[in-house]
$ cat data20.csv   # CSV, C-alpha atoms
chain,number,residue,atom,x,y,z
A,1,MET,CA,55.5,37.0,15.0
A,2,ALA,CA,52.5,39.3,15.3
A,3,THR,CA,52.6,42.2,17.7
A,4,LEU,CA,50.1,42.7,20.5
A,5,ARG,CA,48.4,45.5,18.6
A,6,GLU,CA,48.0,43.4,15.4
A,7,LEU,CA,46.5,40.5,17.4
A,8,ARG,CA,44.0,42.9,19.1
A,9,ASP,CA,43.0,44.3,15.6
A,10,ARG,CA,42.5,40.7,14.4
A,11,ILE,CA,40.3,39.9,17.4
A,12,ARG,CA,38.1,42.9,16.7
A,13,SER,CA,37.9,42.0,13.1
A,14,VAL,CA,36.9,38.4,13.8
A,15,ASN,CA,34.3,39.5,16.4
A,16,SER,CA,32.8,41.9,13.9
A,17,THR,CA,32.5,39.1,11.3
A,18,LYS,CA,31.0,36.9,14.0
A,19,LYS,CA,28.2,39.4,14.6
A,20,ILE,CA,27.4,39.4,10.9
A,21,THR,CA,27.3,35.7,10.5
A,22,LYS,CA,25.2,35.3,13.7
A,23,ALA,CA,22.7,37.8,12.3
A,24,GLN,CA,22.6,35.9,9.0
A,25,GLU,CA,22.1,32.7,10.9
A,26,LEU,CA,19.1,34.1,12.8
A,27,ILE,CA,17.5,35.6,9.6
A,28,ALA,CA,17.9,32.3,7.8
A,29,THR,CA,16.3,30.4,10.7
A,30,SER,CA,13.2,32.7,10.6
A,31,ARG,CA,13.0,32.3,6.8
A,32,ILE,CA,13.1,28.5,7.0
A,33,THR,CA,10.0,28.6,9.2
A,34,LYS,CA,8.2,31.0,6.8
A,35,ALA,CA,9.1,28.8,3.8
A,36,GLN,CA,7.8,25.7,5.6
A,37,GLN,CA,4.6,27.4,6.4
A,38,ARG,CA,4.1,28.4,2.8
A,39,VAL,CA,4.7,24.9,1.7
A,40,ALA,CA,2.2,23.6,4.2
A,41,ALA,CA,-0.4,26.3,3.2
A,42,ALA,CA,-0.2,25.2,-0.4
A,43,GLN,CA,-0.5,21.5,0.3
A,44,PRO,CA,-4.3,21.3,0.5
A,45,TYR,CA,-4.7,22.7,-3.0
A,46,ALA,CA,-1.9,20.3,-4.3
A,47,ASN,CA,-3.6,17.3,-2.7
A,48,GLU,CA,-7.0,18.2,-4.2
A,49,MET,CA,-5.4,18.8,-7.6
A,50,GLN,CA,-3.6,15.4,-7.3
A,51,ASP,CA,-6.9,13.7,-6.4
A,52,VAL,CA,-8.7,15.2,-9.4
A,53,MET,CA,-5.9,14.3,-11.8
A,54,GLU,CA,-5.9,10.7,-10.6
A,55,ARG,CA,-9.7,10.5,-11.1
A,56,LEU,CA,-9.3,12.0,-14.6
A,57,ALA,CA,-6.5,9.6,-15.4
A,58,ALA,CA,-8.7,6.7,-14.5
A,59,ALA,CA,-11.5,7.9,-16.8
A,60,THR,CA,-9.3,8.7,-19.8
A,61,SER,CA,-7.0,6.8,-22.1
A,62,LEU,CA,-3.9,8.9,-21.0
A,63,ASP,CA,-3.4,9.8,-24.6
A,64,HIS,CA,-2.0,13.3,-24.1
A,65,PRO,CA,1.2,14.8,-25.4
A,66,MET,CA,2.3,15.8,-21.9
A,67,LEU,CA,2.2,12.2,-20.8
A,68,HIS,CA,4.2,10.5,-23.6
A,69,GLU,CA,7.8,10.7,-24.7
A,70,ARG,CA,8.1,12.2,-28.1
A,71,GLU,CA,9.6,10.1,-30.9
A,72,ASN,CA,12.7,11.6,-32.4
A,73,GLY,CA,13.0,14.3,-29.7
A,74,LYS,CA,15.8,16.7,-30.5
A,75,VAL,CA,15.8,19.5,-27.8
A,76,ALA,CA,15.8,19.2,-24.0
A,77,ALA,CA,15.2,22.2,-21.7
A,78,MET,CA,17.2,22.3,-18.5
A,79,LEU,CA,16.0,24.6,-15.8
A,80,VAL,CA,18.6,25.2,-13.1
A,81,VAL,CA,17.3,26.6,-9.8
A,82,THR,CA,20.0,28.5,-7.9
A,83,SER,CA,20.0,31.4,-5.3
A,84,ASP,CA,20.3,35.1,-5.8
A,85,ARG,CA,22.7,35.5,-2.8
A,86,GLY,CA,25.8,33.6,-1.6
A,87,MET,CA,26.8,32.6,1.9
A,88,ALA,CA,24.9,29.4,1.6
A,89,GLY,CA,27.7,26.8,1.7
A,90,GLY,CA,27.7,24.3,-1.1
A,91,TYR,CA,24.1,25.0,-2.1
A,92,ASN,CA,24.8,26.5,-5.6
A,93,HIS,CA,27.9,24.4,-6.2
A,94,ASN,CA,26.0,21.1,-5.7
A,95,VAL,CA,23.1,22.2,-8.0
A,96,LEU,CA,25.5,23.4,-10.8
A,97,LYS,CA,27.5,20.2,-10.5
A,98,LYS,CA,24.3,18.1,-10.9
A,99,ALA,CA,23.3,20.3,-13.8
A,100,ALA,CA,26.6,19.6,-15.6
A,101,GLU,CA,26.1,15.9,-15.1
A,102,LEU,CA,22.6,16.0,-16.5
A,103,GLU,CA,23.7,18.1,-19.5
A,104,LYS,CA,26.4,15.6,-20.3
A,105,MET,CA,23.9,12.7,-20.1
A,106,LEU,CA,21.4,14.5,-22.4
A,107,ILE,CA,24.0,15.3,-25.0
A,108,GLU,CA,25.2,11.7,-25.0
A,109,SER,CA,21.5,10.7,-25.6
A,110,GLY,CA,21.5,12.9,-28.7
A,111,TYR,CA,19.6,15.9,-27.4
A,112,ASP,CA,20.5,19.6,-27.8
A,113,VAL,CA,20.3,21.2,-24.4
A,114,VAL,CA,18.8,24.6,-23.9
A,115,ARG,CA,19.7,26.2,-20.5
A,116,TYR,CA,17.3,28.2,-18.4
A,117,VAL,CA,18.4,29.6,-15.0
A,118,THR,CA,16.7,31.1,-12.0
A,119,GLY,CA,18.9,32.9,-9.4
A,120,GLY,CA,21.7,35.4,-9.8
A,121,LYS,CA,24.4,32.9,-8.8
A,122,GLY,CA,23.6,30.5,-11.6
A,123,VAL,CA,23.4,33.3,-14.2
A,124,THR,CA,26.8,34.6,-13.1
A,125,HIS,CA,28.3,31.1,-13.2
A,126,TYR,CA,27.3,30.5,-16.9
A,127,ASP,CA,28.0,34.1,-18.1
A,128,PHE,CA,31.5,34.0,-16.6
A,129,ARG,CA,32.2,30.8,-18.5
A,130,ASP,CA,30.6,32.2,-21.7
A,131,GLN,CA,28.0,29.4,-21.7
A,132,GLU,CA,24.8,30.4,-23.5
A,133,ILE,CA,21.6,30.9,-21.5
A,134,ALA,CA,18.3,31.0,-23.2
A,135,GLY,CA,16.5,32.6,-20.3
A,136,ALA,CA,17.2,33.9,-16.8
A,137,TRP,CA,14.9,35.0,-14.0
A,138,THR,CA,16.3,36.5,-10.8
A,139,GLY,CA,15.2,38.4,-7.7
A,140,TRP,CA,12.9,35.9,-6.0
A,141,SER,CA,14.9,32.8,-5.1
A,142,GLN,CA,14.5,33.5,-1.4
A,143,ASP,CA,10.8,34.4,-1.5
A,144,PRO,CA,9.1,33.0,-4.7
A,145,SER,CA,5.6,34.2,-5.4
A,146,TRP,CA,3.0,32.9,-7.8
A,147,GLU,CA,3.1,36.2,-9.8
A,148,GLY,CA,6.9,36.4,-9.8
A,149,THR,CA,7.4,33.0,-11.2
A,150,HIS,CA,4.6,33.4,-13.8
A,151,ASP,CA,6.9,33.8,-16.8
A,152,VAL,CA,9.3,30.9,-16.1
A,153,ARG,CA,6.4,28.5,-15.4
A,154,HIS,CA,4.4,29.4,-18.5
A,155,HIS,CA,7.4,29.3,-20.8
A,156,MET,CA,8.4,25.8,-19.6
A,157,ILE,CA,4.8,24.6,-20.4
A,158,ARG,CA,4.3,26.6,-23.7
A,159,GLY,CA,7.8,25.7,-24.9
A,160,PHE,CA,7.1,22.0,-24.4
A,161,GLN,CA,3.7,22.2,-26.1
A,162,ALA,CA,5.3,23.9,-29.1
A,163,SER,CA,7.9,21.1,-29.4
A,164,SER,CA,11.2,21.4,-31.2
A,165,GLU,CA,9.3,21.7,-34.4
A,166,GLY,CA,7.5,24.8,-33.4
A,167,GLU,CA,8.0,28.1,-31.6
A,168,ALA,CA,6.9,29.6,-28.3
A,169,VAL,CA,6.0,33.3,-27.8
A,170,TRP,CA,8.5,35.6,-26.2
A,171,ARG,CA,8.2,36.2,-22.5
A,172,GLU,CA,10.0,38.4,-19.9
A,173,GLY,CA,13.3,36.9,-18.9
A,174,LEU,CA,14.1,35.3,-22.3
A,175,ARG,CA,17.4,36.5,-23.8
A,176,ALA,CA,16.0,36.6,-27.3
A,177,PRO,CA,15.1,40.0,-28.8
A,178,GLU,CA,11.8,41.3,-27.4
A,179,GLY,CA,8.9,40.0,-29.4
A,180,GLN,CA,10.9,37.3,-31.2
A,181,SER,CA,9.6,33.8,-30.9
A,182,VAL,CA,11.9,31.1,-29.6
A,183,ILE,CA,12.3,27.4,-30.4
A,184,GLY,CA,10.4,24.9,-28.3
A,185,PHE,CA,11.6,21.7,-26.8
A,186,ASP,CA,10.7,18.1,-26.3
A,187,GLN,CA,11.7,17.5,-22.6
A,188,VAL,CA,11.9,19.7,-19.5
A,189,HIS,CA,14.2,18.8,-16.6
A,190,VAL,CA,14.5,20.8,-13.4
A,191,VAL,CA,17.7,20.7,-11.3
A,192,TYR,CA,17.0,22.0,-7.8
A,193,THR,CA,17.8,21.4,-4.1
A,194,LYS,CA,15.5,19.1,-2.3
A,195,PHE,CA,14.7,20.0,1.3
A,196,VAL,CA,15.3,16.8,3.3
A,197,SER,CA,15.8,18.3,6.8
A,198,MET,CA,17.2,21.3,8.6
A,199,LEU,CA,20.7,19.7,8.3
A,200,SER,CA,20.4,17.9,5.0
A,201,GLN,CA,19.6,19.3,1.5
A,202,GLU,CA,20.1,17.3,-1.6
A,203,ALA,CA,20.6,18.4,-5.2
A,204,THR,CA,18.3,16.5,-7.4
A,205,VAL,CA,16.9,16.2,-11.0
A,206,HIS,CA,13.2,16.1,-11.7
A,207,GLN,CA,11.7,15.4,-15.1
A,208,LEU,CA,8.9,17.9,-15.3
A,209,LEU,CA,7.7,17.1,-18.9
A,210,PRO,CA,6.7,14.8,-20.2
A,211,ILE,CA,5.0,13.6,-17.0
A,212,GLU,CA,5.8,10.0,-16.2
A,213,PRO,CA,2.6,8.3,-15.1
A,214,VAL,CA,3.0,6.0,-12.1
A,215,PHE,CA,1.1,2.7,-12.3
A,216,GLU,CA,0.6,0.9,-9.0
A,217,ASP,CA,-0.5,-2.7,-8.5
A,218,VAL,CA,-3.6,-2.7,-6.3
A,219,GLU,CA,-4.8,-5.8,-4.6
A,220,PHE,CA,-8.6,-6.2,-4.5
A,221,GLU,CA,-10.3,-8.4,-1.9
A,222,GLN,CA,-13.5,-10.2,-2.6
A,223,GLU,CA,-16.3,-9.0,-0.4
A,224,ASP,CA,-19.7,-10.4,0.3
A,225,LEU,CA,-22.3,-8.2,-1.5
A,226,LEU,CA,-24.6,-8.5,1.5
A,227,THR,CA,-22.0,-7.0,3.9
A,228,THR,CA,-21.3,-3.3,4.4
A,229,SER,CA,-17.6,-3.7,5.0
A,230,GLY,CA,-15.1,-1.8,2.9
A,231,ASN,CA,-15.2,1.7,1.4
A,232,VAL,CA,-17.3,2.3,-1.7
A,233,GLN,CA,-16.0,4.8,-4.2
A,234,PRO,CA,-18.7,6.6,-6.0
A,235,ASP,CA,-18.8,6.8,-9.8
A,236,MET,CA,-18.1,10.3,-11.1
A,237,ASP,CA,-19.5,12.1,-14.2
A,238,PHE,CA,-17.3,14.8,-15.6
A,239,GLU,CA,-18.7,17.9,-17.2
A,240,PRO,CA,-17.3,18.7,-19.7
A,241,ASP,CA,-15.9,15.2,-20.6
A,242,ALA,CA,-12.8,13.8,-18.9
A,243,GLU,CA,-10.6,14.3,-22.0
A,244,THR,CA,-11.4,18.0,-22.2
A,245,LEU,CA,-10.8,18.4,-18.5
A,246,MET,CA,-7.5,16.6,-18.8
A,247,GLU,CA,-6.5,18.9,-21.6
A,248,GLN,CA,-7.2,22.0,-19.5
A,249,LEU,CA,-6.0,20.9,-16.1
A,250,LEU,CA,-2.7,19.2,-17.1
A,251,PRO,CA,-0.9,22.6,-17.8
A,252,ALA,CA,-2.2,23.9,-14.4
A,253,TYR,CA,-1.0,20.7,-12.7
A,254,VAL,CA,2.5,21.1,-14.2
A,255,SER,CA,2.6,24.8,-13.3
A,256,ARG,CA,1.6,24.0,-9.7
A,257,SER,CA,4.3,21.3,-9.6
A,258,LEU,CA,7.0,23.7,-10.7
A,259,TYR,CA,5.9,26.3,-8.2
A,260,SER,CA,6.1,23.7,-5.4
A,261,ILE,CA,9.7,23.1,-6.6
A,262,PHE,CA,10.5,26.8,-6.2
A,263,LEU,CA,9.0,26.8,-2.7
A,264,GLU,CA,11.0,23.7,-1.6
A,265,ALA,CA,14.2,25.2,-3.1
A,266,SER,CA,13.6,28.4,-1.1
A,267,ALA,CA,13.4,26.4,2.1
A,268,ALA,CA,16.5,24.4,1.2
A,269,GLU,CA,18.4,27.6,0.5
A,270,SER,CA,17.6,29.1,3.9
A,271,ALA,CA,18.5,25.8,5.6
A,272,SER,CA,21.8,25.7,3.8
A,273,ARG,CA,22.6,29.3,4.6
A,274,ARG,CA,21.7,28.7,8.3
A,275,THR,CA,24.1,25.8,8.5
A,276,ALA,CA,26.9,27.7,6.7
A,277,MET,CA,26.4,30.8,8.9
A,278,LYS,CA,26.3,28.6,12.1
A,279,ASN,CA,29.6,27.0,11.1
A,280,ALA,CA,31.1,30.4,10.3
A,281,THR,CA,30.0,31.7,13.7
A,282,ASP,CA,31.5,28.7,15.5
A,283,ASN,CA,34.7,29.1,13.6
A,284,ALA,CA,34.9,32.8,14.4
A,285,THR,CA,34.3,32.0,18.1
A,286,GLU,CA,37.1,29.4,18.0
A,287,LEU,CA,39.5,31.7,16.1
A,288,ALA,CA,38.8,34.6,18.5
A,289,GLY,CA,39.6,32.4,21.5
A,290,GLU,CA,42.9,31.3,19.9
A,291,LEU,CA,43.9,34.8,19.1
A,292,SER,CA,42.9,35.9,22.7
A,293,ARG,CA,45.1,33.2,24.2
A,294,GLU,CA,48.0,34.2,21.9
A,295,ALA,CA,47.6,37.8,22.8
A,296,ASN,CA,47.5,37.0,26.5
A,297,GLN,CA,50.6,34.9,26.2
A,298,LEU,CA,52.4,37.7,24.4
A,299,ARG,CA,51.2,40.3,26.9
A,300,GLN,CA,52.4,38.1,29.8
A,301,ALA,CA,55.7,37.6,28.1
A,302,LYS,CA,56.0,41.4,27.7
A,303,ILE,CA,55.2,42.0,31.4
A,304,THR,CA,57.7,39.3,32.5
A,305,GLN,CA,60.4,40.9,30.3
A,306,GLU,CA,59.7,44.3,31.7
A,307,ILE,CA,59.8,43.0,35.3
A,308,THR,CA,63.1,41.2,34.5
A,309,GLU,CA,64.6,44.4,33.0
A,310,ILE,CA,63.5,46.4,36.1
A,311,ILE,CA,65.0,43.8,38.5
A,312,GLY,CA,68.2,43.7,36.4
A,313,GLY,CA,68.5,47.5,36.4
A,314,ALA,CA,67.9,47.7,40.1
A,315,GLY,CA,70.6,45.1,40.7
A,316,ALA,CA,73.0,47.0,38.5
A,317,LEU,CA,72.4,50.2,40.3
A,318,SER,CA,72.8,48.6,43.7
A,319,GLY,CA,76.1,47.0,42.5
A,320,SER,CA,77.5,50.3,41.3
A,321,GLY,CA,76.6,51.9,44.6
A,322,GLU,CA,78.5,49.3,46.7
A,323,SER,CA,81.5,49.7,44.4
A,324,ASP,CA,81.6,53.4,45.1
$ encode --input "data20.csv" --output "structure tokens"
Amino acid sequence: MATLRELRDRIRSVNSTKKITKAQELIATSRITKAQQRVAAAQPYANEMQDVMERLAAATSLDHPMLHERENGKVAAMLVVTSDRGMAGGYNHNVLKKAAELEKMLIESGYDVVRYVTGGKGVTHYDFRDQEIAGAWTGWSQDPSWEGTHDVRHHMIRGFQASSEGEAVWREGLRAPEGQSVIGFDQVHVVYTKFVSMLSQEATVHQLLPIEPVFEDVEFEQEDLLTTSGNVQPDMDFEPDAETLMEQLLPAYVSRSLYSIFLEASAAESASRRTAMKNATDNATELAGELSREANQLRQAKITQEITEIIGGAGALSGSGESD
């Protein structure tokens, strides 16, 4: 059984840990707000880009390498988005588990999988298990910037454009010798954590390339030509032509999509860390209360024992005095 001094030491230790977890919870909460603001600030550009791409798609034949599955594809790139720091609950575990499932599925489909990782936790995971990584980028998982993610975004696009039959130029973060070209790939899959809500984050897989066009059935209503009801969409002339614009804008569209994934993963990381730190703070509060009750019981028992010994000693002294 623990002594009173040991219990008090444990209470101090738990309270010190509680202060740390509470501070981490507050920091994560503030970062969630900032991450959501960044996502909202980037949304107008994303909406306009989406609108332009939809108009270009309507004016072209969609015959572009980024829009079609390659025949006899051999290599698939898998980008795993993890965090640089821990204390985020099951955030990294869920992503790495989903990545393992995806890798198994791609191998069964006949693809050679090339791993790319962002975040120090993912790099440590694969290095510890001696699993090869083709490229790693760390240091910005909590606060991704357009400049900081430049190399990973451009390598995913250029590597796909090169295909498994060609080579892509070396970029910062690749584990090949500096200046040496690396083999391209035929598919790009991103494994990241989707921000659902403050209390819910979901590890998910997104096929970045080739882009899967979405075709929707649109119902047209016949209108009287003499009426003015309904919205009239103007015809658009593209300069240069739509095919050239599609060729130039598709890489920018994919790059923007990947950056949006990094922003969402950042918000999910902060939300997961906030939940984990809140649970840790609550557990520390509960444990400190249990230890305090145990210490009080032990202290009370010690006081009772001392009182009993005093009364017993006084009784013995009075008994010896009467016998004299």
$ residues_around --input "data20.csv" --residues "A:Ile27" --least-positions-apart "2" --cutoff "12 Å" --atoms "only C-alpha atoms" --output "list in words"
Ile20, Thr21, Lys22, Ala23, Gln24, Glu25, Thr29, Ser30, Arg31, Ile32, Thr33, Lys34, Gln142, Ser270, Ala271, Arg273, Arg274, Thr275, Met277 and Lys278 of chain A
$ write_last_selection --input "data20.csv" --atoms "C-alpha atoms" --output "tab-separated table (two decimals), in the coordinates of the input"
chain	number	residue	atom	x	y	z
A	20	ILE	CA	27.40	39.40	10.90
A	21	THR	CA	27.30	35.70	10.50
A	22	LYS	CA	25.20	35.30	13.70
A	23	ALA	CA	22.70	37.80	12.30
A	24	GLN	CA	22.60	35.90	9.00
A	25	GLU	CA	22.10	32.70	10.90
A	29	THR	CA	16.30	30.40	10.70
A	30	SER	CA	13.20	32.70	10.60
A	31	ARG	CA	13.00	32.30	6.80
A	32	ILE	CA	13.10	28.50	7.00
A	33	THR	CA	10.00	28.60	9.20
A	34	LYS	CA	8.20	31.00	6.80
A	142	GLN	CA	14.50	33.50	-1.40
A	270	SER	CA	17.60	29.10	3.90
A	271	ALA	CA	18.50	25.80	5.60
A	273	ARG	CA	22.60	29.30	4.60
A	274	ARG	CA	21.70	28.70	8.30
A	275	THR	CA	24.10	25.80	8.50
A	277	MET	CA	26.40	30.80	8.90
A	278	LYS	CA	26.30	28.60	12.10
$ atom_distance --input "data20.csv" --atom1 "atom CA of A:Val191" --atom2 "atom CA of A:Val117"
9.7 Å
$ closest_residue --input "data20.csv" --among "A:Ser181, A:Ser272, A:Ser141, A:Thr17" --to "A:Ser200" --atoms "all atoms listed in the file"
A:Ser272
$ atom_distance --input "data20.csv" --atom1 "atom CA of A:Ala88" --atom2 "atom CA of A:Ala276"
5.7 Å
$ atom_distance --input "data20.csv" --atom1 "atom CA of A:Lys121" --atom2 "atom CA of A:Glu269"
12.3 Å
$ axis_aligned_box --input "data20.csv" --around "stretch 234-251 of chain A" --padding-each-side "6 Å" --output "JSON"
{"center_x": -10.2, "center_y": 14.6, "center_z": -14.1, "size_x": 30.6, "size_y": 28.0, "size_z": 28.2}
$ closest_residue --input "data20.csv" --among "A:Gly289, A:Gly89, A:Gly73, A:Pro251" --to "A:Tyr111" --atoms "only C-alpha atoms"
A:Gly73
$ closest_residue --input "data20.csv" --among "A:Glu290, A:Glu264, A:Asp282, A:Glu48" --to "A:Phe195" --atoms "only C-alpha atoms"
A:Glu264
$ closest_residue --input "data20.csv" --among "A:Ala57, A:Val95, A:Leu291, A:Val188" --to "A:Gly119" --atoms "all atoms listed in the file"
A:Val95
$ build_atoms --input "data20.csv" --residues "stretch 265-275 of chain A" --atoms "all heavy atoms" --output "short mmCIF file (atom, residue, chain, number, x, y, z; two decimals), keeping the file's coordinate frame"
data_model
loop_
_atom_site.label_atom_id
_atom_site.label_comp_id
_atom_site.auth_asym_id
_atom_site.auth_seq_id
_atom_site.Cartn_x
_atom_site.Cartn_y
_atom_site.Cartn_z
N ALA A 265 12.88 24.67 -2.93
CA ALA A 265 14.20 25.20 -3.10
C ALA A 265 14.51 26.37 -2.21
O ALA A 265 15.62 26.54 -1.70
CB ALA A 265 14.48 25.53 -4.58
N SER A 266 13.49 27.21 -2.01
CA SER A 266 13.60 28.40 -1.10
C SER A 266 13.92 27.91 0.31
O SER A 266 14.79 28.45 0.99
CB SER A 266 12.37 29.22 -1.17
OG SER A 266 12.42 30.24 -0.20
N ALA A 267 13.18 26.90 0.77
CA ALA A 267 13.40 26.40 2.10
C ALA A 267 14.79 25.74 2.22
O ALA A 267 15.49 25.91 3.23
CB ALA A 267 12.33 25.34 2.47
N ALA A 268 15.21 25.03 1.18
CA ALA A 268 16.50 24.40 1.20
C ALA A 268 17.64 25.45 1.20
O ALA A 268 18.67 25.28 1.87
CB ALA A 268 16.69 23.49 -0.03
N GLU A 269 17.42 26.55 0.47
CA GLU A 269 18.40 27.60 0.50
C GLU A 269 18.59 28.23 1.85
O GLU A 269 19.72 28.45 2.32
CB GLU A 269 17.99 28.71 -0.53
CG GLU A 269 18.94 29.91 -0.58
CD GLU A 269 18.41 31.04 -1.44
OE1 GLU A 269 17.49 30.80 -2.25
OE2 GLU A 269 18.93 32.17 -1.29
N SER A 270 17.49 28.51 2.52
CA SER A 270 17.60 29.10 3.90
C SER A 270 18.22 28.11 4.84
O SER A 270 19.02 28.51 5.69
CB SER A 270 16.16 29.45 4.36
OG SER A 270 15.60 30.47 3.56
N ALA A 271 17.89 26.82 4.73
CA ALA A 271 18.50 25.80 5.60
C ALA A 271 20.00 25.71 5.37
O ALA A 271 20.79 25.62 6.31
CB ALA A 271 17.82 24.48 5.42
N SER A 272 20.39 25.74 4.11
CA SER A 272 21.80 25.70 3.80
C SER A 272 22.56 26.90 4.27
O SER A 272 23.67 26.81 4.80
CB SER A 272 21.98 25.52 2.26
OG SER A 272 23.35 25.42 1.91
N ARG A 273 21.92 28.08 4.13
CA ARG A 273 22.60 29.30 4.60
C ARG A 273 22.65 29.32 6.13
O ARG A 273 23.66 29.77 6.69
CB ARG A 273 21.77 30.52 4.10
CG ARG A 273 22.38 31.86 4.53
CD ARG A 273 21.75 33.03 3.81
NE ARG A 273 22.11 33.04 2.40
CZ ARG A 273 21.24 32.86 1.41
NH1 ARG A 273 19.96 32.66 1.67
NH2 ARG A 273 21.64 32.88 0.15
N ARG A 274 21.63 28.81 6.80
CA ARG A 274 21.70 28.70 8.30
C ARG A 274 22.84 27.86 8.71
O ARG A 274 23.59 28.21 9.63
CB ARG A 274 20.37 28.20 8.80
CG ARG A 274 20.38 27.98 10.31
CD ARG A 274 19.14 27.22 10.77
NE ARG A 274 19.23 26.90 12.18
CZ ARG A 274 19.87 25.84 12.67
NH1 ARG A 274 20.51 25.01 11.84
NH2 ARG A 274 19.91 25.60 13.96
N THR A 275 22.99 26.69 8.09
CA THR A 275 24.10 25.80 8.50
C THR A 275 25.44 26.42 8.20
O THR A 275 26.35 26.33 9.03
CB THR A 275 23.96 24.47 7.66
OG1 THR A 275 22.69 23.86 7.94
CG2 THR A 275 25.07 23.50 8.04
#
